[in-house]
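Note: the block below is work_36.cif and it holds mmCIF, N, CA and C atoms.
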data_target
loop_
_atom_site.label_atom_id
_atom_site.label_comp_id
_atom_site.auth_asym_id
_atom_site.auth_seq_id
_atom_site.Cartn_x
_atom_site.Cartn_y
_atom_site.Cartn_z
N MET A 1303 61.36 -68.86 156.66
CA MET A 1303 61.89 -70.20 156.81
C MET A 1303 61.54 -70.76 158.19
N ASN A 1304 61.54 -69.89 159.20
CA ASN A 1304 61.22 -70.30 160.54
C ASN A 1304 59.79 -70.84 160.63
N LEU A 1305 58.88 -70.23 159.90
CA LEU A 1305 57.50 -70.67 159.87
C LEU A 1305 57.39 -72.06 159.24
N LEU A 1306 58.19 -72.32 158.21
CA LEU A 1306 58.20 -73.63 157.56
C LEU A 1306 58.69 -74.71 158.53
N LYS A 1307 59.71 -74.42 159.31
CA LYS A 1307 60.22 -75.38 160.30
C LYS A 1307 59.16 -75.68 161.34
N GLN A 1308 58.47 -74.65 161.80
CA GLN A 1308 57.41 -74.86 162.78
C GLN A 1308 56.29 -75.72 162.22
N PHE A 1309 55.94 -75.48 160.97
CA PHE A 1309 54.89 -76.25 160.33
C PHE A 1309 55.30 -77.72 160.21
N VAL A 1310 56.54 -77.98 159.78
CA VAL A 1310 57.03 -79.35 159.63
C VAL A 1310 57.06 -80.06 160.99
N LEU A 1311 57.53 -79.36 162.02
CA LEU A 1311 57.56 -79.96 163.35
C LEU A 1311 56.14 -80.26 163.85
N LEU A 1312 55.23 -79.32 163.64
CA LEU A 1312 53.84 -79.54 164.04
C LEU A 1312 53.24 -80.73 163.31
N LEU A 1313 53.50 -80.84 162.03
CA LEU A 1313 53.02 -81.96 161.23
C LEU A 1313 53.61 -83.28 161.74
N PHE A 1314 54.91 -83.28 162.01
CA PHE A 1314 55.59 -84.48 162.49
C PHE A 1314 54.99 -84.95 163.82
N PHE A 1315 54.90 -84.03 164.79
CA PHE A 1315 54.37 -84.40 166.10
C PHE A 1315 52.88 -84.76 166.02
N GLY A 1316 52.15 -84.12 165.16
CA GLY A 1316 50.75 -84.47 164.98
C GLY A 1316 50.58 -85.89 164.48
N CYS A 1317 51.40 -86.26 163.52
CA CYS A 1317 51.35 -87.64 163.00
C CYS A 1317 51.81 -88.63 164.06
N PHE A 1318 52.85 -88.28 164.82
CA PHE A 1318 53.38 -89.17 165.85
C PHE A 1318 52.33 -89.45 166.92
N PHE A 1319 51.71 -88.41 167.43
CA PHE A 1319 50.73 -88.61 168.49
C PHE A 1319 49.46 -89.28 167.97
N GLN A 1320 49.10 -89.03 166.74
CA GLN A 1320 47.94 -89.69 166.15
C GLN A 1320 48.16 -91.19 166.06
N SER A 1321 49.34 -91.60 165.58
CA SER A 1321 49.61 -93.04 165.46
C SER A 1321 49.83 -93.67 166.82
N GLY A 1322 50.26 -92.90 167.81
CA GLY A 1322 50.48 -93.43 169.15
C GLY A 1322 49.18 -93.80 169.85
N PHE A 1323 48.08 -93.23 169.46
CA PHE A 1323 46.80 -93.50 170.08
C PHE A 1323 45.81 -94.14 169.10
N SER A 1324 46.31 -94.73 168.05
CA SER A 1324 45.44 -95.28 167.01
C SER A 1324 44.80 -96.58 167.46
N GLN A 1325 43.62 -96.80 166.96
CA GLN A 1325 42.90 -98.05 167.14
C GLN A 1325 42.38 -98.48 165.78
N VAL A 1326 42.38 -99.77 165.55
CA VAL A 1326 41.91 -100.31 164.28
C VAL A 1326 40.60 -101.03 164.52
N GLY A 1327 39.62 -100.70 163.73
CA GLY A 1327 38.33 -101.35 163.82
C GLY A 1327 38.00 -102.07 162.53
N ILE A 1328 37.57 -103.31 162.64
CA ILE A 1328 37.12 -104.08 161.49
C ILE A 1328 35.62 -104.27 161.65
N ASN A 1329 34.88 -103.74 160.73
CA ASN A 1329 33.42 -103.79 160.76
C ASN A 1329 32.84 -102.92 161.89
N THR A 1330 33.60 -101.92 162.32
CA THR A 1330 33.11 -100.97 163.32
C THR A 1330 33.74 -99.61 163.05
N THR A 1331 32.98 -98.56 163.30
CA THR A 1331 33.51 -97.21 163.10
C THR A 1331 34.03 -96.62 164.40
N SER A 1332 33.81 -97.31 165.53
CA SER A 1332 34.28 -96.79 166.81
C SER A 1332 34.95 -97.91 167.61
N PRO A 1333 36.19 -98.26 167.24
CA PRO A 1333 36.89 -99.34 167.96
C PRO A 1333 37.15 -98.96 169.42
N LEU A 1334 37.05 -99.95 170.29
CA LEU A 1334 37.24 -99.72 171.72
C LEU A 1334 38.56 -100.30 172.23
N SER A 1335 39.31 -100.99 171.37
CA SER A 1335 40.60 -101.59 171.72
C SER A 1335 41.58 -101.33 170.59
N THR A 1336 42.83 -101.71 170.80
CA THR A 1336 43.84 -101.54 169.76
C THR A 1336 43.38 -102.24 168.48
N LEU A 1337 42.82 -103.43 168.62
CA LEU A 1337 42.20 -104.14 167.49
C LEU A 1337 40.81 -104.55 167.93
N ASP A 1338 39.81 -104.06 167.26
CA ASP A 1338 38.41 -104.33 167.60
C ASP A 1338 37.75 -104.96 166.39
N ILE A 1339 37.36 -106.22 166.51
CA ILE A 1339 36.75 -106.95 165.40
C ILE A 1339 35.28 -107.18 165.72
N ASN A 1340 34.43 -106.64 164.89
CA ASN A 1340 32.99 -106.85 165.02
C ASN A 1340 32.60 -107.87 163.96
N GLY A 1341 32.77 -109.14 164.29
CA GLY A 1341 32.49 -110.22 163.35
C GLY A 1341 33.27 -111.45 163.74
N ASN A 1342 33.31 -112.41 162.86
CA ASN A 1342 34.01 -113.66 163.12
C ASN A 1342 35.51 -113.51 162.85
N LEU A 1343 36.28 -114.35 163.49
CA LEU A 1343 37.73 -114.35 163.32
C LEU A 1343 38.15 -115.75 162.89
N SER A 1344 38.92 -115.83 161.84
CA SER A 1344 39.47 -117.11 161.39
C SER A 1344 40.96 -117.13 161.68
N ILE A 1345 41.45 -118.29 162.14
CA ILE A 1345 42.86 -118.45 162.43
C ILE A 1345 43.42 -119.59 161.60
N LYS A 1346 44.73 -119.58 161.41
CA LYS A 1346 45.39 -120.60 160.60
C LYS A 1346 45.39 -121.93 161.34
N THR A 1347 44.95 -122.98 160.66
CA THR A 1347 44.96 -124.32 161.23
C THR A 1347 45.90 -125.21 160.43
N ILE A 1348 46.63 -126.06 161.14
CA ILE A 1348 47.50 -127.03 160.48
C ILE A 1348 47.41 -128.36 161.20
N SER A 1349 47.83 -129.43 160.52
CA SER A 1349 47.92 -130.76 161.10
C SER A 1349 49.36 -131.22 161.03
N LEU A 1350 49.84 -131.79 162.13
CA LEU A 1350 51.19 -132.33 162.18
C LEU A 1350 51.15 -133.80 162.53
N THR A 1351 51.86 -134.62 161.78
CA THR A 1351 51.97 -136.05 162.05
C THR A 1351 53.32 -136.31 162.69
N GLY A 1352 53.31 -137.08 163.77
CA GLY A 1352 54.54 -137.38 164.49
C GLY A 1352 55.53 -138.17 163.65
N SER A 1353 56.80 -138.08 164.05
CA SER A 1353 57.87 -138.82 163.36
C SER A 1353 58.85 -139.34 164.40
N SER A 1354 59.92 -139.97 163.95
CA SER A 1354 60.87 -140.57 164.89
C SER A 1354 61.67 -139.52 165.66
N SER A 1355 61.75 -138.29 165.13
CA SER A 1355 62.40 -137.20 165.87
C SER A 1355 61.33 -136.17 166.24
N ALA A 1356 61.71 -135.18 167.04
CA ALA A 1356 60.75 -134.18 167.48
C ALA A 1356 60.13 -133.45 166.28
N THR A 1357 58.82 -133.34 166.29
CA THR A 1357 58.11 -132.59 165.25
C THR A 1357 57.99 -131.15 165.74
N LEU A 1358 58.56 -130.22 164.97
CA LEU A 1358 58.59 -128.82 165.39
C LEU A 1358 57.28 -128.12 165.09
N ILE A 1359 56.80 -127.35 166.04
CA ILE A 1359 55.62 -126.51 165.87
C ILE A 1359 56.15 -125.12 165.55
N SER A 1360 55.99 -124.69 164.31
CA SER A 1360 56.54 -123.40 163.93
C SER A 1360 55.56 -122.53 163.15
N ASP A 1361 54.36 -123.03 162.94
CA ASP A 1361 53.40 -122.31 162.12
C ASP A 1361 52.01 -122.63 162.62
N GLY A 1362 51.07 -121.77 162.30
CA GLY A 1362 49.68 -122.02 162.64
C GLY A 1362 49.32 -121.48 164.01
N VAL A 1363 48.04 -121.55 164.31
CA VAL A 1363 47.52 -121.17 165.62
C VAL A 1363 46.77 -122.35 166.21
N TYR A 1364 45.87 -122.97 165.43
CA TYR A 1364 45.17 -124.17 165.87
C TYR A 1364 45.90 -125.35 165.24
N ILE A 1365 46.46 -126.20 166.08
CA ILE A 1365 47.31 -127.28 165.59
C ILE A 1365 46.77 -128.62 166.04
N SER A 1366 46.48 -129.48 165.07
CA SER A 1366 46.09 -130.86 165.36
C SER A 1366 47.35 -131.71 165.28
N VAL A 1367 47.70 -132.37 166.39
CA VAL A 1367 48.85 -133.26 166.38
C VAL A 1367 48.36 -134.69 166.32
N ASN A 1368 49.07 -135.51 165.55
CA ASN A 1368 48.69 -136.90 165.36
C ASN A 1368 49.91 -137.79 165.59
N PRO A 1369 50.14 -138.20 166.86
CA PRO A 1369 51.28 -139.06 167.14
C PRO A 1369 51.07 -140.45 166.54
N GLN A 1370 52.15 -141.04 166.03
CA GLN A 1370 52.09 -142.37 165.44
C GLN A 1370 52.60 -143.45 166.39
N ALA A 1371 53.28 -143.03 167.46
CA ALA A 1371 53.78 -143.93 168.49
C ALA A 1371 53.63 -143.24 169.84
N THR A 1372 53.60 -144.02 170.91
CA THR A 1372 53.40 -143.46 172.24
C THR A 1372 54.50 -142.47 172.60
N ASN A 1373 54.10 -141.36 173.20
CA ASN A 1373 54.99 -140.29 173.67
C ASN A 1373 55.80 -139.65 172.55
N GLN A 1374 55.24 -139.61 171.36
CA GLN A 1374 55.93 -138.91 170.28
C GLN A 1374 55.98 -137.42 170.60
N GLU A 1375 57.13 -136.80 170.33
CA GLU A 1375 57.39 -135.43 170.76
C GLU A 1375 56.97 -134.41 169.71
N PHE A 1376 56.25 -133.39 170.18
CA PHE A 1376 55.89 -132.22 169.40
C PHE A 1376 56.47 -131.03 170.16
N GLN A 1377 57.35 -130.27 169.51
CA GLN A 1377 58.13 -129.25 170.20
C GLN A 1377 57.70 -127.84 169.85
N LEU A 1378 57.34 -127.08 170.89
CA LEU A 1378 57.04 -125.65 170.73
C LEU A 1378 58.35 -124.89 170.49
N PRO A 1379 58.28 -123.74 169.84
CA PRO A 1379 59.48 -122.91 169.72
C PRO A 1379 59.83 -122.33 171.10
N SER A 1380 60.95 -121.67 171.19
CA SER A 1380 61.37 -121.06 172.45
C SER A 1380 60.39 -119.96 172.86
N ALA A 1381 59.98 -120.00 174.12
CA ALA A 1381 59.09 -118.96 174.66
C ALA A 1381 59.79 -117.61 174.68
N VAL A 1382 61.12 -117.61 174.79
CA VAL A 1382 61.89 -116.37 174.82
C VAL A 1382 61.86 -115.69 173.46
N THR A 1383 61.92 -116.48 172.40
CA THR A 1383 61.95 -115.94 171.03
C THR A 1383 60.61 -115.35 170.62
N TYR A 1384 59.52 -115.91 171.13
CA TYR A 1384 58.17 -115.50 170.70
C TYR A 1384 57.28 -115.09 171.87
N PRO A 1385 57.60 -114.00 172.58
CA PRO A 1385 56.71 -113.57 173.66
C PRO A 1385 55.33 -113.20 173.13
N GLY A 1386 54.32 -113.63 173.84
CA GLY A 1386 52.94 -113.34 173.44
C GLY A 1386 52.35 -114.33 172.46
N ARG A 1387 53.14 -115.26 171.96
CA ARG A 1387 52.65 -116.25 170.98
C ARG A 1387 51.63 -117.16 171.66
N VAL A 1388 50.57 -117.50 170.94
CA VAL A 1388 49.51 -118.37 171.44
C VAL A 1388 49.29 -119.51 170.46
N TYR A 1389 49.19 -120.73 170.98
CA TYR A 1389 48.84 -121.90 170.18
C TYR A 1389 47.70 -122.63 170.85
N ILE A 1390 46.81 -123.19 170.05
CA ILE A 1390 45.78 -124.10 170.51
C ILE A 1390 46.15 -125.45 169.92
N ILE A 1391 46.40 -126.44 170.79
CA ILE A 1391 46.92 -127.73 170.33
C ILE A 1391 46.00 -128.85 170.80
N ARG A 1392 45.69 -129.76 169.88
CA ARG A 1392 44.82 -130.90 170.20
C ARG A 1392 45.42 -132.18 169.65
N ASN A 1393 45.49 -133.19 170.51
CA ASN A 1393 45.89 -134.53 170.08
C ASN A 1393 44.66 -135.19 169.46
N ILE A 1394 44.71 -135.43 168.15
CA ILE A 1394 43.55 -135.99 167.46
C ILE A 1394 43.58 -137.52 167.41
N ASN A 1395 44.65 -138.12 167.92
CA ASN A 1395 44.75 -139.58 167.93
C ASN A 1395 44.09 -140.09 169.21
N ASN A 1396 43.07 -140.95 169.07
CA ASN A 1396 42.30 -141.43 170.21
C ASN A 1396 43.05 -142.42 171.10
N SER A 1397 44.10 -143.04 170.58
CA SER A 1397 44.71 -144.12 171.34
C SER A 1397 46.20 -143.94 171.63
N VAL A 1398 46.83 -142.86 171.15
CA VAL A 1398 48.27 -142.68 171.33
C VAL A 1398 48.54 -141.34 172.01
N THR A 1399 49.45 -141.35 172.97
CA THR A 1399 49.82 -140.16 173.74
C THR A 1399 50.82 -139.30 172.97
N ALA A 1400 50.58 -138.00 172.98
CA ALA A 1400 51.53 -137.05 172.41
C ALA A 1400 52.26 -136.36 173.56
N MET A 1401 53.56 -136.08 173.37
CA MET A 1401 54.34 -135.37 174.37
C MET A 1401 54.67 -133.98 173.83
N LEU A 1402 54.28 -132.95 174.56
CA LEU A 1402 54.53 -131.57 174.16
C LEU A 1402 55.72 -131.04 174.95
N THR A 1403 56.74 -130.53 174.23
CA THR A 1403 57.94 -129.98 174.85
C THR A 1403 58.18 -128.58 174.30
N SER A 1404 59.24 -127.93 174.79
CA SER A 1404 59.58 -126.59 174.34
C SER A 1404 61.06 -126.51 174.01
N ALA A 1405 61.40 -125.74 172.97
CA ALA A 1405 62.80 -125.51 172.61
C ALA A 1405 63.46 -124.56 173.59
N GLY A 1406 62.70 -123.85 174.38
CA GLY A 1406 63.23 -122.93 175.38
C GLY A 1406 62.14 -122.49 176.32
N GLY A 1407 62.37 -122.63 177.61
CA GLY A 1407 61.37 -122.31 178.62
C GLY A 1407 60.63 -123.55 179.05
N MET A 1408 60.06 -123.49 180.22
CA MET A 1408 59.32 -124.62 180.76
C MET A 1408 57.83 -124.46 180.47
N LEU A 1409 57.08 -125.50 180.78
CA LEU A 1409 55.63 -125.51 180.62
C LEU A 1409 54.99 -125.47 182.01
N PHE A 1410 54.21 -124.42 182.27
CA PHE A 1410 53.56 -124.25 183.57
C PHE A 1410 52.06 -124.36 183.41
N PRO A 1411 51.41 -125.20 184.23
CA PRO A 1411 49.94 -125.19 184.21
C PRO A 1411 49.44 -123.87 184.80
N LYS A 1412 48.27 -123.45 184.37
CA LYS A 1412 47.69 -122.21 184.90
C LYS A 1412 47.66 -122.28 186.43
N ASN A 1413 47.78 -121.16 187.07
CA ASN A 1413 47.71 -121.04 188.53
C ASN A 1413 48.75 -121.89 189.26
N SER A 1414 49.90 -122.14 188.65
CA SER A 1414 50.92 -122.96 189.29
C SER A 1414 52.29 -122.32 189.14
N THR A 1415 53.14 -122.55 190.13
CA THR A 1415 54.53 -122.10 190.04
C THR A 1415 55.47 -123.27 189.79
N SER A 1416 54.91 -124.45 189.59
CA SER A 1416 55.72 -125.64 189.32
C SER A 1416 55.60 -126.01 187.86
N GLY A 1417 56.69 -125.84 187.13
CA GLY A 1417 56.70 -126.16 185.70
C GLY A 1417 57.36 -127.51 185.44
N SER A 1418 57.27 -127.93 184.19
CA SER A 1418 57.92 -129.18 183.77
C SER A 1418 58.47 -128.99 182.36
N ASN A 1419 59.25 -129.94 181.93
CA ASN A 1419 59.84 -129.89 180.60
C ASN A 1419 58.93 -130.46 179.53
N GLN A 1420 57.86 -131.16 179.94
CA GLN A 1420 56.93 -131.73 178.97
C GLN A 1420 55.56 -131.92 179.61
N ILE A 1421 54.56 -132.00 178.76
CA ILE A 1421 53.23 -132.43 179.19
C ILE A 1421 52.79 -133.53 178.25
N TYR A 1422 52.00 -134.44 178.78
CA TYR A 1422 51.50 -135.57 178.00
C TYR A 1422 50.04 -135.33 177.67
N MET A 1423 49.73 -135.47 176.40
CA MET A 1423 48.38 -135.19 175.91
C MET A 1423 47.71 -136.50 175.49
N TYR A 1424 46.70 -136.89 176.25
CA TYR A 1424 45.93 -138.09 175.93
C TYR A 1424 44.52 -137.95 176.47
N GLU A 1425 43.69 -138.91 176.17
CA GLU A 1425 42.28 -138.88 176.57
C GLU A 1425 42.15 -138.65 178.07
N ASN A 1426 41.34 -137.69 178.48
CA ASN A 1426 41.08 -137.32 179.87
C ASN A 1426 42.28 -136.66 180.56
N ASN A 1427 43.33 -136.29 179.84
CA ASN A 1427 44.47 -135.59 180.44
C ASN A 1427 45.10 -134.66 179.41
N SER A 1428 44.72 -133.42 179.45
CA SER A 1428 45.32 -132.41 178.57
C SER A 1428 45.28 -132.80 177.10
N ARG A 1429 44.19 -133.39 176.67
CA ARG A 1429 44.08 -133.76 175.25
C ARG A 1429 44.10 -132.51 174.37
N SER A 1430 43.51 -131.44 174.88
CA SER A 1430 43.55 -130.15 174.19
C SER A 1430 44.11 -129.13 175.16
N VAL A 1431 45.05 -128.30 174.68
CA VAL A 1431 45.64 -127.26 175.52
C VAL A 1431 45.78 -125.97 174.73
N ILE A 1432 45.74 -124.87 175.44
CA ILE A 1432 46.10 -123.57 174.89
C ILE A 1432 47.39 -123.19 175.59
N VAL A 1433 48.43 -122.86 174.83
CA VAL A 1433 49.70 -122.46 175.42
C VAL A 1433 49.99 -121.01 175.04
N VAL A 1434 50.51 -120.24 176.02
CA VAL A 1434 50.79 -118.83 175.82
C VAL A 1434 52.20 -118.56 176.34
N SER A 1435 53.02 -117.89 175.52
CA SER A 1435 54.37 -117.52 175.93
C SER A 1435 54.34 -116.20 176.68
N ASP A 1436 55.03 -116.17 177.84
CA ASP A 1436 55.16 -114.91 178.57
C ASP A 1436 56.53 -114.27 178.32
N GLY A 1437 57.28 -114.81 177.36
CA GLY A 1437 58.60 -114.30 177.06
C GLY A 1437 59.71 -115.04 177.78
N PHE A 1438 59.33 -115.92 178.71
CA PHE A 1438 60.30 -116.74 179.44
C PHE A 1438 59.91 -118.21 179.41
N ASN A 1439 58.61 -118.48 179.64
CA ASN A 1439 58.09 -119.83 179.71
C ASN A 1439 56.74 -119.89 179.00
N TRP A 1440 56.18 -121.08 178.93
CA TRP A 1440 54.85 -121.30 178.37
C TRP A 1440 53.89 -121.59 179.52
N THR A 1441 52.72 -120.99 179.49
CA THR A 1441 51.63 -121.33 180.41
C THR A 1441 50.59 -122.08 179.61
N TYR A 1442 50.11 -123.20 180.16
CA TYR A 1442 49.08 -123.94 179.41
C TYR A 1442 47.78 -124.04 180.21
N PHE A 1443 46.71 -124.02 179.45
CA PHE A 1443 45.34 -124.10 179.97
C PHE A 1443 44.68 -125.29 179.30
N ASN A 1444 43.99 -126.09 180.09
CA ASN A 1444 43.24 -127.21 179.48
C ASN A 1444 41.90 -127.36 180.11
#
This structure in structure tokens:
Amino acid sequence: MNLLKQFVLLLFFGCFFQSGFSQVGINTTSPLSTLDINGNLSIKTISLTGSSSATLISDGVYISVNPQATNQEFQLPSAVTYPGRVYIIRNINNSVTAMLTSAGGMLFPKNSTSGSNQIYMYENNSRSVIVVSDGFNWTYFN
């Protein structure tokens, strides 16, 4: 019986350590990262049209926002709730400004320690941004 216990423990720890160092490769037999994709990557795209109240961003990765009135609000989820979440957001309306806000956390431009509660997206000013949650706030790149 003692031999059976040792075998079960060895099997358990073998599986544990194997999964602890696992890497997944798509189209490759020798992945070099936790996820290694040798090929194209497709991400979910959605379009959101502004409304009289804040339009919530809760789905998708590449998001086209279409404000119908100046400074229409498009709201990111809380950065605290979704650490590591990434969105690519583009204002597709050529003549109307979109306002991007957050349900939790501030918006910080890259390389800055000064955040704000909103950013305005219009021609020649943050028309397209990538936002990344650090678990406390959003950092945006344009």
Pairwise distance for atom N of Ser1418 in chain A and CA of Asn1444 in chain A, rounded to one decimal in Å: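 Separating atom N of Ser1418 in chain A from CA of Asn1444 in chain A is a distance of 14.8 Å.
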Set the distance at 6 Å and use only C-alpha atoms: which residues neighbour Phe1443 in chain A once local chain neighbours fewer than 2 positions away are removed? I'd like the list as number ranges by chain. A: 1412, 1431-1432
Compile the contact shell of Arg1387 in chain A as a VMD selection string: residues with an atom at most 7 Å away, counting only N, CA and C atoms, same-chain residues fewer than 5 positions apart removed. chain A and resid 1433 to 1437
Selected residues, N, CA and C atoms, written as a short mmCIF file (atom, residue, chain, number, x, y, z; two decimals), in the coordinates of the input, please.
data_model
loop_
_atom_site.label_atom_id
_atom_site.label_comp_id
_atom_site.auth_asym_id
_atom_site.auth_seq_id
_atom_site.Cartn_x
_atom_site.Cartn_y
_atom_site.Cartn_z
N VAL A 1433 48.43 -122.86 174.83
CA VAL A 1433 49.70 -122.46 175.42
C VAL A 1433 49.99 -121.01 175.04
N VAL A 1434 50.51 -120.24 176.02
CA VAL A 1434 50.79 -118.83 175.82
C VAL A 1434 52.20 -118.56 176.34
N SER A 1435 53.02 -117.89 175.52
CA SER A 1435 54.37 -117.52 175.93
C SER A 1435 54.34 -116.20 176.68
N ASP A 1436 55.03 -116.17 177.84
CA ASP A 1436 55.16 -114.91 178.57
C ASP A 1436 56.53 -114.27 178.32
N GLY A 1437 57.28 -114.81 177.36
CA GLY A 1437 58.60 -114.30 177.06
C GLY A 1437 59.71 -115.04 177.78
#
Can you give me, as a list in words, the residues this file yields under the PyMOL selection byres ((chain A and resi 1394) around 6)?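 That selection, the PyMOL selection byres ((chain A and resi 1394) around 6), comes back as Ser1366, Val1367, Asn1368, Arg1392, Asn1393, Asn1395 and Asn1396 of chain A.
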A:Ile1359, A:Met1401, A:Val1388, A:Leu1350: which is nearest Asn1419 in chain A, counting all atoms listed in the file?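 Of the candidates, the smallest distance to Asn1419 in chain A is held by A:Met1401.
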Suppose you want the space between atom C of Thr1415 in chain A and atom N of Phe1438 in chain A; what is it in Å? 13.8 Å
Which residue is closest to Ser1404 in chain A? Choose from A:Leu1378, A:Ser1332, A:Trp1440, A:Ser1344 and count all atoms listed in the file.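 For Ser1404 in chain A, the nearest of the candidates is A:Leu1378.
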Shell of 6 Å around Gly1406 in chain A, all atoms listed in the file, local chain residues under 4 positions omitted, as a count of residues only: 7
Shell of 6.5 Å around Glu1375 in chain A, all atoms listed in the file, local chain residues under 4 positions omitted, as a PyMOL selection string: chain A and resi 1352-1353+1355-1357+1400-1403
Distance CA of Tyr1424 in chain A-atom N of Gln1377 in chain A, one decimal place? 15.3 Å
Residue members of the PyMOL selection byres (((chain A and resi 1346 and name CA) around 6) and name CA) in the file shown, as a list in words: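 Applied to this file, the PyMOL selection byres (((chain A and resi 1346 and name CA) around 6) and name CA) returns Ile1345, Thr1347, Gly1362 and Val1363 of chain A.
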Could you pull out the residues in range 1365-1406 of chain A that DSSP calls strand (DSSP E or B) from the backbone, as a ChimeraX atom specification? /A:1365-1368,1374-1378,1388-1393,1400-1404
With distances taken over all atoms listed in the file, which residue among A:Ile1348, A:Tyr1384, A:Thr1441, A:Tyr1422 lies nearest Met1408 in chain A?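 Ranked by minimum distance to Met1408 in chain A, first place goes to A:Thr1441.
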For the provided coordinates, the residues matched by the PyMOL selection byres ((chain A and resi 1398) around 7) should be stated as a list in words.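 What the PyMOL selection byres ((chain A and resi 1398) around 7) grabs from the file is Pro1369, Gln1370, Ala1371, Thr1372, Asn1373, Gln1374, Asn1395, Asn1396, Ser1397, Thr1399, Ala1400, Met1423, Tyr1424 and Glu1425 of chain A.
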Residues just named, written with N, CA and C atoms as a PDB file, in the frame of the given file:
ATOM      1  N   PRO A1369      50.140-138.200 166.860  1.00  0.00           N
ATOM      2  CA  PRO A1369      51.280-139.060 167.140  1.00  0.00           C
ATOM      3  C   PRO A1369      51.070-140.450 166.540  1.00  0.00           C
ATOM      4  N   GLN A1370      52.150-141.040 166.030  1.00  0.00           N
ATOM      5  CA  GLN A1370      52.090-142.370 165.440  1.00  0.00           C
ATOM      6  C   GLN A1370      52.600-143.450 166.390  1.00  0.00           C
ATOM      7  N   ALA A1371      53.280-143.030 167.460  1.00  0.00           N
ATOM      8  CA  ALA A1371      53.780-143.930 168.490  1.00  0.00           C
ATOM      9  C   ALA A1371      53.630-143.240 169.840  1.00  0.00           C
ATOM     10  N   THR A1372      53.600-144.020 170.910  1.00  0.00           N
ATOM     11  CA  THR A1372      53.400-143.460 172.240  1.00  0.00           C
ATOM     12  C   THR A1372      54.500-142.470 172.600  1.00  0.00           C
ATOM     13  N   ASN A1373      54.100-141.360 173.200  1.00  0.00           N
ATOM     14  CA  ASN A1373      54.990-140.290 173.670  1.00  0.00           C
ATOM     15  C   ASN A1373      55.800-139.650 172.550  1.00  0.00           C
ATOM     16  N   GLN A1374      55.240-139.610 171.360  1.00  0.00           N
ATOM     17  CA  GLN A1374      55.930-138.910 170.280  1.00  0.00           C
ATOM     18  C   GLN A1374      55.980-137.420 170.600  1.00  0.00           C
ATOM     19  N   ASN A1395      44.650-138.120 167.920  1.00  0.00           N
ATOM     20  CA  ASN A1395      44.750-139.580 167.930  1.00  0.00           C
ATOM     21  C   ASN A1395      44.090-140.090 169.210  1.00  0.00           C
ATOM     22  N   ASN A1396      43.070-140.950 169.070  1.00  0.00           N
ATOM     23  CA  ASN A1396      42.300-141.430 170.210  1.00  0.00           C
ATOM     24  C   ASN A1396      43.050-142.420 171.100  1.00  0.00           C
ATOM     25  N   SER A1397      44.100-143.040 170.580  1.00  0.00           N
ATOM     26  CA  SER A1397      44.710-144.120 171.340  1.00  0.00           C
ATOM     27  C   SER A1397      46.200-143.940 171.630  1.00  0.00           C
ATOM     28  N   THR A1399      49.450-141.350 172.970  1.00  0.00           N
ATOM     29  CA  THR A1399      49.820-140.160 173.740  1.00  0.00           C
ATOM     30  C   THR A1399      50.820-139.300 172.970  1.00  0.00           C
ATOM     31  N   ALA A1400      50.580-138.000 172.980  1.00  0.00           N
ATOM     32  CA  ALA A1400      51.530-137.050 172.410  1.00  0.00           C
ATOM     33  C   ALA A1400      52.260-136.360 173.560  1.00  0.00           C
ATOM     34  N   MET A1423      49.730-135.470 176.400  1.00  0.00           N
ATOM     35  CA  MET A1423      48.380-135.190 175.910  1.00  0.00           C
ATOM     36  C   MET A1423      47.710-136.500 175.490  1.00  0.00           C
ATOM     37  N   TYR A1424      46.700-136.890 176.250  1.00  0.00           N
ATOM     38  CA  TYR A1424      45.930-138.090 175.930  1.00  0.00           C
ATOM     39  C   TYR A1424      44.520-137.950 176.470  1.00  0.00           C
ATOM     40  N   GLU A1425      43.690-138.910 176.170  1.00  0.00           N
ATOM     41  CA  GLU A1425      42.280-138.880 176.570  1.00  0.00           C
ATOM     42  C   GLU A1425      42.150-138.650 178.070  1.00  0.00           C
TER      43      GLU A1425
END
